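J.: work20.csv is reproduced in full below (CSV, C-alpha atoms).
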chain,number,residue,atom,x,y,z
A,1,MET,CA,-109.2,72.6,-58.5
A,2,GLN,CA,-105.9,72.6,-60.3
A,3,ARG,CA,-104.9,75.9,-58.7
A,4,ASN,CA,-105.7,74.5,-55.2
A,5,ALA,CA,-103.6,71.5,-55.9
A,6,ALA,CA,-100.7,73.7,-56.8
A,7,ILE,CA,-101.0,75.7,-53.6
A,8,ILE,CA,-101.1,72.6,-51.5
A,9,TRP,CA,-98.0,71.1,-53.1
A,10,LEU,CA,-95.9,74.2,-52.9
A,11,PRO,CA,-94.9,74.2,-49.2
A,12,ILE,CA,-94.1,70.5,-49.4
A,13,ALA,CA,-91.7,71.1,-52.2
A,14,LEU,CA,-90.1,74.1,-50.6
A,15,GLY,CA,-89.6,72.2,-47.4
A,16,ALA,CA,-87.3,69.8,-49.1
A,17,CYS,CA,-85.0,72.4,-50.6
A,18,GLY,CA,-82.0,72.0,-48.3
A,19,THR,CA,-80.5,69.0,-46.7
A,20,LEU,CA,-77.5,68.5,-44.5
A,21,GLN,CA,-75.5,65.3,-45.0
A,22,PRO,CA,-75.1,63.3,-41.7
A,23,THR,CA,-71.8,63.9,-40.0
A,24,GLY,CA,-71.0,60.2,-39.7
A,25,LYS,CA,-71.4,59.6,-43.4
A,26,ALA,CA,-69.4,62.7,-44.3
A,27,ALA,CA,-66.6,61.6,-42.0
A,28,VAL,CA,-66.5,58.2,-43.6
A,29,ASP,CA,-66.6,59.5,-47.1
A,30,TYR,CA,-63.8,62.0,-46.5
A,31,ASN,CA,-61.7,59.3,-44.7
A,32,LYS,CA,-62.0,57.1,-47.7
A,33,ALA,CA,-61.1,60.0,-50.0
A,34,PHE,CA,-58.0,61.0,-48.0
A,35,ALA,CA,-56.8,57.3,-47.8
A,36,LYS,CA,-57.2,57.0,-51.5
A,37,SER,CA,-55.2,60.1,-52.3
A,38,ARG,CA,-52.5,59.1,-49.8
A,39,ASP,CA,-52.0,55.7,-51.4
A,40,GLU,CA,-52.0,57.3,-54.9
A,41,VAL,CA,-49.3,59.8,-53.8
A,42,THR,CA,-47.2,56.9,-52.5
A,43,VAL,CA,-47.5,55.0,-55.8
A,44,ILE,CA,-46.7,58.1,-57.8
A,45,ASN,CA,-43.5,58.7,-55.8
A,46,ILE,CA,-42.4,55.1,-56.5
A,47,LEU,CA,-43.1,55.8,-60.2
A,48,ARG,CA,-41.1,59.0,-60.0
A,49,ALA,CA,-38.2,57.1,-58.3
A,50,SER,CA,-38.3,54.6,-61.2
A,51,GLU,CA,-37.6,57.4,-63.6
A,52,ARG,CA,-35.1,59.2,-61.2
A,53,GLN,CA,-37.4,62.2,-60.9
A,54,PRO,CA,-37.7,64.3,-57.7
A,55,LEU,CA,-40.1,63.0,-55.1
A,56,GLN,CA,-42.8,65.2,-53.7
A,57,PHE,CA,-44.4,64.7,-50.3
A,58,SER,CA,-47.4,66.5,-48.9
A,59,THR,CA,-50.0,66.1,-46.2
A,60,ILE,CA,-53.5,67.4,-45.3
A,61,SER,CA,-52.9,69.9,-42.5
A,62,SER,CA,-56.5,71.1,-41.9
A,63,VAL,CA,-60.1,70.6,-43.0
A,64,GLN,CA,-62.4,73.6,-42.3
A,65,GLY,CA,-66.1,74.1,-42.9
A,66,GLY,CA,-69.1,71.9,-43.0
A,67,LEU,CA,-70.4,69.6,-45.7
A,68,ARG,CA,-73.8,70.7,-47.0
A,69,THR,CA,-75.8,69.5,-50.0
A,70,GLY,CA,-79.1,70.7,-51.1
A,71,ALA,CA,-81.5,71.6,-53.9
A,72,THR,CA,-82.9,75.0,-54.9
A,73,LEU,CA,-86.5,75.1,-56.2
A,74,LYS,CA,-87.8,77.9,-58.3
A,75,LEU,CA,-91.6,78.2,-59.0
A,76,PRO,CA,-93.3,80.7,-61.4
A,77,PHE,CA,-95.8,82.2,-59.0
A,78,THR,CA,-97.6,84.2,-61.8
A,79,ASN,CA,-98.5,80.9,-63.6
A,80,ILE,CA,-99.9,79.5,-60.4
A,81,ILE,CA,-102.1,82.5,-59.9
A,82,ALA,CA,-103.2,82.6,-63.5
A,83,GLY,CA,-103.9,78.8,-63.6
A,84,GLY,CA,-103.9,76.9,-66.8
A,85,GLU,CA,-102.2,73.7,-67.9
A,86,ASP,CA,-98.7,75.1,-67.3
A,87,SER,CA,-99.5,76.4,-63.8
A,88,ILE,CA,-96.6,74.4,-62.3
A,89,SER,CA,-93.3,74.3,-64.1
A,90,PRO,CA,-90.6,74.2,-61.4
A,91,GLU,CA,-86.9,74.6,-62.0
A,92,VAL,CA,-84.7,72.5,-59.7
A,93,SER,CA,-80.9,73.0,-59.3
A,94,PHE,CA,-78.7,71.0,-57.0
A,95,SER,CA,-75.7,72.4,-55.2
A,96,SER,CA,-73.1,71.2,-52.7
A,97,ARG,CA,-70.4,72.8,-50.6
A,98,ASN,CA,-67.4,70.9,-49.4
A,99,PRO,CA,-65.0,71.9,-46.6
A,100,THR,CA,-61.8,73.8,-47.4
A,101,VAL,CA,-58.9,71.3,-47.4
A,102,SER,CA,-55.4,72.7,-46.8
A,103,ILE,CA,-52.6,70.7,-48.5
A,104,THR,CA,-49.1,71.3,-47.0
A,105,PRO,CA,-46.0,70.4,-49.0
A,106,LEU,CA,-43.4,68.7,-46.7
A,107,ALA,CA,-40.1,70.3,-47.6
A,108,THR,CA,-38.6,71.3,-44.3
A,109,LYS,CA,-35.0,70.5,-43.5
A,110,GLU,CA,-36.1,68.4,-40.6
A,111,PHE,CA,-38.4,66.3,-42.9
A,112,VAL,CA,-35.8,65.9,-45.7
A,113,LEU,CA,-33.1,64.8,-43.2
A,114,GLY,CA,-35.6,62.4,-41.6
A,115,ILE,CA,-36.4,60.5,-44.8
A,116,SER,CA,-32.7,60.6,-45.8
A,117,ARG,CA,-31.3,59.2,-42.5
A,118,PRO,CA,-30.7,55.4,-42.5
A,119,LEU,CA,-33.3,53.7,-40.3
A,120,SER,CA,-31.9,52.6,-37.0
A,121,PRO,CA,-32.1,49.1,-35.5
A,122,SER,CA,-34.4,50.5,-32.8
A,123,THR,CA,-36.9,51.5,-35.6
A,124,ILE,CA,-36.7,47.9,-36.9
A,125,ASP,CA,-37.3,46.6,-33.4
A,126,LEU,CA,-40.3,48.9,-33.1
A,127,LEU,CA,-41.8,47.7,-36.4
A,128,LEU,CA,-41.3,44.0,-35.5
A,129,SER,CA,-42.8,44.5,-32.1
A,130,GLN,CA,-45.9,46.0,-33.7
A,131,GLY,CA,-46.5,42.9,-35.7
A,132,TRP,CA,-45.1,43.9,-39.2
A,133,SER,CA,-43.9,41.0,-41.2
A,134,ARG,CA,-40.2,40.2,-40.6
A,135,GLN,CA,-39.6,39.4,-44.2
A,136,VAL,CA,-41.1,42.8,-45.4
A,137,VAL,CA,-39.3,44.9,-42.8
A,138,LEU,CA,-35.9,43.3,-43.4
A,139,SER,CA,-36.2,43.3,-47.1
A,140,LEU,CA,-37.1,47.0,-47.2
A,141,THR,CA,-34.7,48.3,-44.6
A,142,ILE,CA,-31.5,46.2,-45.3
A,143,GLY,CA,-29.9,47.5,-48.4
A,144,GLY,CA,-26.4,46.1,-48.4
A,145,VAL,CA,-23.7,44.1,-46.7
A,146,VAL,CA,-20.0,44.8,-45.8
A,147,CYS,CA,-17.8,41.8,-46.5
A,148,GLN,CA,-14.8,40.7,-44.5
A,149,ASN,CA,-12.5,41.6,-47.4
A,150,GLY,CA,-13.7,45.2,-47.3
A,151,ASP,CA,-16.1,45.0,-50.3
A,152,VAL,CA,-19.5,46.6,-50.0
A,153,VAL,CA,-22.4,44.9,-51.8
A,154,LEU,CA,-25.4,47.2,-52.3
A,155,ASN,CA,-28.8,46.0,-53.4
A,156,GLY,CA,-30.2,48.8,-55.4
A,157,GLY,CA,-33.0,46.8,-57.0
A,158,ASN,CA,-31.8,47.1,-60.6
A,159,ASP,CA,-30.0,43.7,-60.6
A,160,GLU,CA,-32.6,41.0,-60.7
A,161,LYS,CA,-30.2,38.2,-59.6
A,162,GLU,CA,-28.7,40.2,-56.8
A,163,ASP,CA,-32.1,41.3,-55.6
A,164,GLU,CA,-33.4,37.8,-55.5
A,165,LEU,CA,-30.3,36.7,-53.5
A,166,PHE,CA,-31.0,39.3,-50.9
A,167,LEU,CA,-34.7,38.6,-50.7
A,168,GLU,CA,-34.1,34.8,-50.3
A,169,ALA,CA,-31.6,35.4,-47.5
A,170,LEU,CA,-33.7,37.9,-45.6
A,171,GLU,CA,-36.8,35.7,-45.9
A,172,GLN,CA,-34.8,32.9,-44.2
A,173,ALA,CA,-33.7,35.1,-41.3
A,174,THR,CA,-35.9,33.2,-38.8
A,175,ALA,CA,-33.5,33.6,-36.0
A,176,PHE,CA,-33.2,37.4,-36.5
A,177,ASP,CA,-32.4,39.3,-33.3
A,178,ILE,CA,-31.2,42.7,-32.2
A,179,GLN,CA,-28.8,42.9,-29.2
A,180,PRO,CA,-27.7,46.3,-27.8
A,181,GLY,CA,-24.0,46.6,-27.2
A,182,ALA,CA,-22.3,47.6,-24.0
A,183,GLU,CA,-22.3,51.3,-23.2
A,184,LYS,CA,-19.1,53.3,-23.6
A,185,PRO,CA,-17.9,56.1,-21.3
A,186,TYR,CA,-18.1,59.4,-23.1
A,187,ALA,CA,-17.4,62.4,-20.8
A,188,ARG,CA,-17.5,63.7,-17.3
A,189,LEU,CA,-18.8,67.3,-17.0
A,190,ARG,CA,-18.8,69.6,-14.0
A,191,MET,CA,-21.6,72.2,-14.2
A,192,SER,CA,-24.2,74.0,-12.2
A,193,GLY,CA,-27.3,72.1,-11.1
A,194,LYS,CA,-29.5,74.4,-13.3
A,195,ASP,CA,-27.4,73.5,-16.4
A,196,ALA,CA,-27.5,69.9,-15.5
A,197,LEU,CA,-31.3,70.0,-15.3
A,198,SER,CA,-31.5,71.5,-18.8
A,199,LEU,CA,-29.0,68.9,-20.1
A,200,THR,CA,-31.2,66.1,-18.7
A,201,LYS,CA,-34.3,67.6,-20.2
A,202,ASP,CA,-32.9,68.5,-23.7
A,203,GLY,CA,-30.6,65.5,-24.1
A,204,VAL,CA,-27.0,65.4,-25.1
A,205,GLY,CA,-27.2,64.2,-28.7
A,206,GLU,CA,-28.0,61.2,-30.7
A,207,GLY,CA,-26.6,57.9,-29.3
A,208,LYS,CA,-25.6,59.5,-25.9
A,209,TYR,CA,-27.3,59.9,-22.6
A,210,VAL,CA,-26.8,61.2,-19.1
A,211,LYS,CA,-25.8,58.2,-17.0
A,212,SER,CA,-25.5,59.8,-13.6
A,213,ILE,CA,-25.4,63.1,-11.7
A,214,THR,CA,-23.4,63.5,-8.5
A,215,SER,CA,-23.3,66.5,-6.3
A,216,VAL,CA,-19.8,68.0,-5.8
A,217,SER,CA,-20.6,71.3,-4.0
A,218,ALA,CA,-23.5,73.4,-2.9
A,219,THR,CA,-24.1,74.6,-6.5
A,220,ASP,CA,-22.2,72.2,-8.8
A,221,VAL,CA,-22.7,68.7,-9.9
A,222,MET,CA,-20.7,66.1,-11.9
A,223,VAL,CA,-22.5,64.8,-14.9
A,224,GLU,CA,-21.4,61.5,-16.4
A,225,VAL,CA,-22.3,61.1,-20.1
A,226,ALA,CA,-22.2,57.6,-21.7
A,227,ALA,CA,-22.5,56.6,-25.3
A,228,LYS,CA,-24.7,53.7,-26.4
A,229,GLY,CA,-22.8,50.7,-27.6
A,230,ASP,CA,-22.9,49.4,-31.1
A,231,VAL,CA,-26.0,47.4,-31.8
A,232,GLU,CA,-25.5,43.8,-33.0
A,233,ILE,CA,-27.9,42.2,-35.4
A,234,THR,CA,-27.8,38.4,-35.6
A,235,GLY,CA,-29.6,35.9,-37.8
A,236,VAL,CA,-29.1,37.6,-41.1
A,237,HIS,CA,-27.0,35.4,-43.4
A,238,LEU,CA,-25.8,37.2,-46.5
A,239,GLU,CA,-22.6,35.2,-47.1
A,240,ARG,CA,-23.6,34.5,-50.7
A,241,ALA,CA,-23.8,38.2,-51.4
A,242,CYS,CA,-20.1,38.4,-50.6
A,243,SER,CA,-19.0,35.1,-52.0
A,244,GLU,CA,-20.8,35.6,-55.4
A,245,LYS,CA,-19.4,39.1,-55.9
A,246,PRO,CA,-16.8,38.9,-58.7
A,247,ALA,CA,-13.3,39.3,-57.3
A,248,PRO,CA,-11.5,42.5,-58.5
A,249,PRO,CA,-8.5,41.9,-60.8
A,250,ARG,CA,-5.3,41.6,-58.9
A,251,PRO,CA,-2.0,43.2,-60.1
A,252,THR,CA,0.5,40.7,-61.5
A,253,THR,CA,3.5,42.7,-60.5
A,254,LYS,CA,2.9,42.2,-56.8
A,255,LYS,CA,3.0,39.0,-54.8
A,256,VAL,CA,-0.5,37.8,-53.8
A,257,LEU,CA,-0.5,37.1,-50.1
A,258,GLY,CA,-3.7,35.0,-50.1
A,259,GLN,CA,-7.4,35.2,-50.6
A,260,VAL,CA,-9.3,37.0,-47.9
A,261,GLN,CA,-12.2,35.0,-46.7
A,262,ALA,CA,-15.5,36.3,-48.0
A,263,GLY,CA,-18.2,36.9,-45.5
A,264,PRO,CA,-20.4,39.6,-43.9
A,265,THR,CA,-19.1,41.8,-41.1
A,266,GLY,CA,-22.0,44.3,-41.1
A,267,ILE,CA,-25.1,45.4,-42.9
A,268,ILE,CA,-26.1,48.7,-44.4
A,269,MET,CA,-29.5,50.2,-43.6
A,270,ARG,CA,-31.7,52.0,-46.0
A,271,SER,CA,-33.4,55.3,-45.4
A,272,VAL,CA,-37.1,56.0,-46.2
A,273,PHE,CA,-35.8,57.8,-49.3
A,274,GLY,CA,-33.6,54.8,-50.1
A,275,ILE,CA,-36.6,52.5,-49.9
A,276,TYR,CA,-38.4,54.6,-52.5
A,277,GLN,CA,-35.4,54.4,-54.7
A,278,TYR,CA,-35.1,50.6,-54.3
A,279,LEU,CA,-38.8,50.0,-55.1
A,280,GLY,CA,-38.5,52.4,-58.0
A,281,GLU,CA,-35.6,50.6,-59.5
A,282,ALA,CA,-37.3,47.2,-59.0
A,283,HIS,CA,-40.4,48.6,-60.7
A,284,ALA,CA,-38.4,50.0,-63.6
A,285,ARG,CA,-36.9,46.5,-64.1
A,286,ASN,CA,-40.3,44.8,-64.1
A,287,HIS,CA,-42.0,47.6,-66.1
A,288,ARG,CA,-39.8,46.8,-69.1
A,289,ASN,CA,-41.0,43.2,-69.0
A,290,GLN,CA,-44.6,44.3,-68.6
A,291,ARG,CA,-44.4,46.6,-71.6
A,292,LYS,CA,-43.1,43.8,-73.7
A,293,HIS,CA,-46.0,41.6,-72.5
A,294,CYS,CA,-48.5,44.3,-73.4
A,295,ASP,CA,-47.0,44.5,-76.9
A,296,GLY,CA,-47.5,40.7,-77.2
A,297,THR,CA,-43.8,39.9,-77.6
A,298,THR,CA,-43.2,38.1,-74.3
A,299,ALA,CA,-45.1,36.1,-71.7
A,300,ALA,CA,-46.4,37.6,-68.5
A,301,PRO,CA,-43.4,38.6,-66.2
A,302,ALA,CA,-42.9,37.0,-62.8
A,303,THR,CA,-44.7,38.7,-59.9
A,304,PRO,CA,-42.4,40.8,-57.7
A,305,ARG,CA,-42.4,39.8,-54.1
A,306,LEU,CA,-42.4,43.1,-52.3
A,307,PHE,CA,-44.3,45.5,-54.6
A,308,ASP,CA,-46.2,44.5,-57.7
A,309,LEU,CA,-47.2,47.7,-59.5
A,310,ARG,CA,-49.1,46.5,-62.6
A,311,LEU,CA,-49.3,48.2,-66.0
A,312,ALA,CA,-52.8,48.4,-67.5
A,313,CYS,CA,-52.4,47.3,-71.1
A,314,SER,CA,-55.8,48.7,-72.0
A,315,LYS,CA,-55.1,52.1,-70.4
A,316,SER,CA,-57.9,51.3,-67.9
A,317,ALA,CA,-57.3,49.7,-64.5
A,318,PRO,CA,-59.7,47.1,-63.0
A,319,PRO,CA,-62.5,48.8,-61.1
A,320,ASP,CA,-61.7,46.9,-57.9
A,321,SER,CA,-58.0,48.1,-57.8
A,322,VAL,CA,-56.7,49.1,-54.4
A,323,VAL,CA,-55.1,52.1,-55.9
A,324,SER,CA,-54.6,53.3,-59.5
A,325,THR,CA,-52.9,56.3,-61.1
A,326,SER,CA,-51.6,57.6,-64.4
A,327,PHE,CA,-48.0,58.4,-65.0
A,328,GLN,CA,-46.3,59.5,-68.2
A,329,GLY,CA,-49.3,58.4,-70.3
A,330,SER,CA,-49.7,54.9,-68.8
A,331,ARG,CA,-52.1,53.6,-66.1
A,332,PHE,CA,-50.7,51.6,-63.2
A,333,TYR,CA,-52.6,49.9,-60.4
A,334,VAL,CA,-52.3,47.7,-57.4
A,335,SER,CA,-54.5,44.5,-57.3
A,336,PRO,CA,-56.7,43.7,-54.3
A,337,ALA,CA,-55.7,41.0,-51.9
A,338,GLY,CA,-58.1,38.5,-53.5
A,339,ARG,CA,-56.3,38.6,-56.8
A,340,VAL,CA,-52.6,38.5,-55.9
A,341,ALA,CA,-50.1,35.6,-56.2
A,342,GLU,CA,-49.0,33.7,-53.1
A,343,GLY,CA,-46.2,35.4,-51.4
A,344,ASP,CA,-47.1,38.9,-52.8
A,345,ARG,CA,-46.4,41.5,-50.1
A,346,THR,CA,-47.5,44.5,-52.1
A,347,LEU,CA,-50.2,45.7,-49.7
A,348,GLU,CA,-48.1,45.4,-46.6
A,349,THR,CA,-45.2,47.2,-48.3
A,350,LEU,CA,-47.6,50.0,-49.2
A,351,SER,CA,-48.8,50.2,-45.6
A,352,LEU,CA,-45.4,50.1,-44.1
A,353,LEU,CA,-44.0,52.7,-46.4
A,354,THR,CA,-46.9,55.0,-45.5
A,355,PHE,CA,-46.2,54.4,-41.8
A,356,LEU,CA,-42.5,55.2,-42.2
A,357,VAL,CA,-43.2,58.5,-43.9
A,358,ASP,CA,-45.8,59.3,-41.2
A,359,LEU,CA,-43.0,58.8,-38.6
A,360,GLN,CA,-41.1,61.7,-40.1
A,361,THR,CA,-44.2,64.0,-40.3
A,362,ASN,CA,-44.8,65.8,-37.0
A,363,GLU,CA,-46.9,68.9,-36.2
A,364,ALA,CA,-43.9,71.2,-36.3
A,365,ALA,CA,-42.9,70.0,-39.7
A,366,VAL,CA,-46.4,70.6,-41.0
A,367,LYS,CA,-46.6,74.1,-39.6
A,368,SER,CA,-43.2,75.2,-40.8
A,369,SER,CA,-43.7,73.9,-44.4
A,370,VAL,CA,-44.8,76.7,-46.6
A,371,PRO,CA,-46.5,77.6,-48.8
A,372,PHE,CA,-49.7,75.7,-48.3
A,373,VAL,CA,-52.4,75.4,-51.0
A,374,ALA,CA,-56.0,75.6,-50.0
A,375,ILE,CA,-58.4,73.6,-52.2
A,376,ALA,CA,-62.1,74.3,-52.0
A,377,GLN,CA,-64.3,71.8,-53.7
Written as structure tokens, how would this file's structure read?
T.:
Amino acid sequence: MQRNAAIIWLPIALGACGTLQPTGKAAVDYNKAFAKSRDEVTVINILRASERQPLQFSTISSVQGGLRTGATLKLPFTNIIAGGEDSISPEVSFSSRNPTVSITPLATKEFVLGISRPLSPSTIDLLLSQGWSRQVVLSLTIGGVVCQNGDVVLNGGNDEKEDELFLEALEQATAFDIQPGAEKPYARLRMSGKDALSLTKDGVGEGKYVKSITSVSATDVMVEVAAKGDVEITGVHLERACSEKPAPPRPTTKKVLGQVQAGPTGIIMRSVFGIYQYLGEAHARNHRNQRKHCDGTTAAPATPRLFDLRLACSKSAPPDSVVSTSFQGSRFYVSPAGRVAEGDRTLETLSLLTFLVDLQTNEAAVKSSVPFVAIAQ
């Protein structure tokens, strides 16, 4: 009877040896894993910037192969035939096979120039029209002011008082607006109709466009090229940044003609790379205070407005952290929305910075970035 029971149970067990994870669940699991790794890379790059280390960007270029999990069952057939108390002693081993994920470093000239180029007012307009917070967008993208006396005041994030001044002014920019300036004549070009068609298709350079095409003969046309006017940004009041800047020492041997009125005449935009450097400097400033707090020598530091990257004093981040990572022997994490102070914009800053990097990552940049590293798990 024991032998018969073994024979009846055998096909049932072997029938459950292999299983295929549902496609929907696999897609969700991998989506979560990719998002987690993307957020962690963003945080690591901010930490690198805080130590003035080189930044490293990469992206997932392809995922190949199916996701399969299963169990292998081995049964000693000789014992089953012989019978006895040990007639069934199965050995079960579990296995899984994940898709091959290709990681592509982003190091092309196009990508590097993209993250190093100051963001344009049109990009700010795009972000605001999509619903991003005005305070976050302006605070991240506006990095300095040009005063009427020619002084340039830059907010690098390392001066707490200066950083607070900029943040307060940009949060109060409720009447912020972007107005395109009047176009300017640039050139009139006579060329063949075929060349004019290529010029219209390929463009004539940044900040310029084909205004009109007029036929002048059976084969030639006159192309009028215009330059876009200077964009004017209103509603940003950074007068205090100019007025509170210490005046440079004046020579005593020359006659002083008078004090030049302090006030802004223009603003300086940050690049994506500049945003990383700014957040890195601000974190380095706050990290010094956090380290003292963990040592028990000072009270808890004030929460940064834009990006609060916390130091885990116990070397272990809270389990519900949005993202956590280790860097130079310390553990850092971002708290979830339910445990942040009022006015904390950390999660939106993380999302916006990710979006700005994605704007610089096109298919051509991914394909031309070599070498790639294939990771099979």
J.: By how many Å are CA of Asp295 (chain A) and CA of Gln53 (chain A) apart?
T.: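 Taking CA of Asp295 (chain A) as the start and CA of Gln53 (chain A) as the end point, the length is 25.7 Å.
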J.: Would you mind reading off the distance between CA of Asp202 (chain A) and CA of Glu110 (chain A), one decimal, in Å?
T.: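 Interatomic distance here is 17.2 Å.
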J.: Using Å and a single decimal, report how far CA of Ala284 (chain A) sits from CA of Gln328 (chain A).
T.: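 Going from CA of Gln328 (chain A) over to CA of Ala284 (chain A) covers 13.2 Å.
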J.: From the list A:Leu138, A:Met191, A:Ala300, A:Ala341, which residue is nearest Thr219 (chain A) when using only C-alpha atoms?
T.: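 Smallest separation from Thr219 (chain A) among the options: A:Met191.
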J.: My list of candidates is A:Ser326, A:Ser314, A:Ser351, A:Thr234. Which is closest to Val137 (chain A) when distances are computed with only C-alpha atoms?
T.: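 Nearest to Val137 (chain A): A:Ser351.
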J.: Mind listing whatever residues come within 9 Å of the point (-46.9, 62.4, -44.8)? Use all atoms listed in the file, file coordinates, and give them as a PyMOL selection string.
T.: chain A and resi 38+57-60+106+354-362
J.: Have a look at A:Val221, A:Ala173, A:Val236, A:Val231 and name the one nearest to Leu199 (chain A); count only C-alpha atoms.
T.: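 Among A:Val221, A:Ala173, A:Val236, A:Val231, it is A:Val221 that comes nearest to Leu199 (chain A).
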J.: Sorted by chain and rising residue number, list the residues of region 146-239 of chain A at most 9 Å from region 114-125 of chain A (counting all atoms listed in the file), each with its closest atom pair and distance in Å to one decimal, as JSON lines.
T.:
{"residue": "A:Asp177", "atom": "CA", "partner": "A:Asp125", "partner_atom": "CA", "distance": 8.8}
{"residue": "A:Ile178", "atom": "CA", "partner": "A:Pro121", "partner_atom": "CA", "distance": 7.3}
{"residue": "A:Val231", "atom": "CA", "partner": "A:Pro121", "partner_atom": "CA", "distance": 7.3}
{"residue": "A:Glu232", "atom": "CA", "partner": "A:Pro121", "partner_atom": "CA", "distance": 8.8}
{"residue": "A:Ile233", "atom": "CA", "partner": "A:Pro121", "partner_atom": "CA", "distance": 8.1}
J.: Between A:Pro185, A:Gly193, A:Gly280, A:Gly266, which one has atoms that come closest to Ala227 (chain A), using all atoms listed in the file?
T.: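 So, comparing all the options, the nearest one is A:Pro185.
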J.: Between A:Gln148, A:Asn31, A:Thr200, A:Ser133, which residue has the minimum interatomic distance to Ile213 (chain A), considering all atoms listed in the file?
T.: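 For Ile213 (chain A), the nearest of the candidates is A:Thr200.
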J.: Do you know which residues are at most 9 Å from region 49-52 of chain A counting all atoms listed in the file, after dropping those on the same chain fewer than 4 positions away, and could you put them as a ChimeraX atom specification?
T.: /A:44-45,276-285
J.: Grab the residues selected above and save them as a PDB file, in the frame of the given file with C-alpha atoms.
T.:
ATOM      1  CA  ILE A  44     -46.700  58.100 -57.800  1.00  0.00           C
ATOM      2  CA  ASN A  45     -43.500  58.700 -55.800  1.00  0.00           C
ATOM      3  CA  TYR A 276     -38.400  54.600 -52.500  1.00  0.00           C
ATOM      4  CA  GLN A 277     -35.400  54.400 -54.700  1.00  0.00           C
ATOM      5  CA  TYR A 278     -35.100  50.600 -54.300  1.00  0.00           C
ATOM      6  CA  LEU A 279     -38.800  50.000 -55.100  1.00  0.00           C
ATOM      7  CA  GLY A 280     -38.500  52.400 -58.000  1.00  0.00           C
ATOM      8  CA  GLU A 281     -35.600  50.600 -59.500  1.00  0.00           C
ATOM      9  CA  ALA A 282     -37.300  47.200 -59.000  1.00  0.00           C
ATOM     10  CA  HIS A 283     -40.400  48.600 -60.700  1.00  0.00           C
ATOM     11  CA  ALA A 284     -38.400  50.000 -63.600  1.00  0.00           C
ATOM     12  CA  ARG A 285     -36.900  46.500 -64.100  1.00  0.00           C
TER      13      ARG A 285
END
J.: Which polymer residues have any atom within 7 Å of an atom of Arg305 (chain A), counting only C-alpha atoms, with same-chain residues fewer than 3 positions away left out, as a VMD selection string?
T.: chain A and resid 343 to 345
J.: Tell me which of A:Gly296, A:Pro319, A:Gly143, A:Gly229 sits closest to Pro180 (chain A), counting all atoms listed in the file.
T.: A:Gly229
J.: If you count all atoms listed in the file, which residues fall within 7 Å of Val146 (chain A), apart from same-chain ones fewer than 5 positions away, as JSON, numbers by chain?
T.: {"A": [151, 152, 153, 264, 265, 266, 267]}
J.: To test the calculation: enclose all listed atoms of region 323-338 of chain A in a box whose edges run along x, y and z, add 6 Å on each side, then state centre and edge lengths in Å to one decimal, as lines of an AutoDock Vina configuration file.
T.:
center_x = -52.2
center_y = 49.0
center_z = -61.1
size_x = 23.8
size_y = 33.0
size_z = 30.4
J.: Show which residues sit within 9 Å of Gln290 (chain A), as a list in words. Count all atoms listed in the file, and ignore same-chain residues fewer than 6 positions away.
T.: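 Neighbouring residues, sequence-local ones excluded: Thr298, Ala299, Ala300, Pro301, Arg310, Leu311 and Cys313 of chain A.
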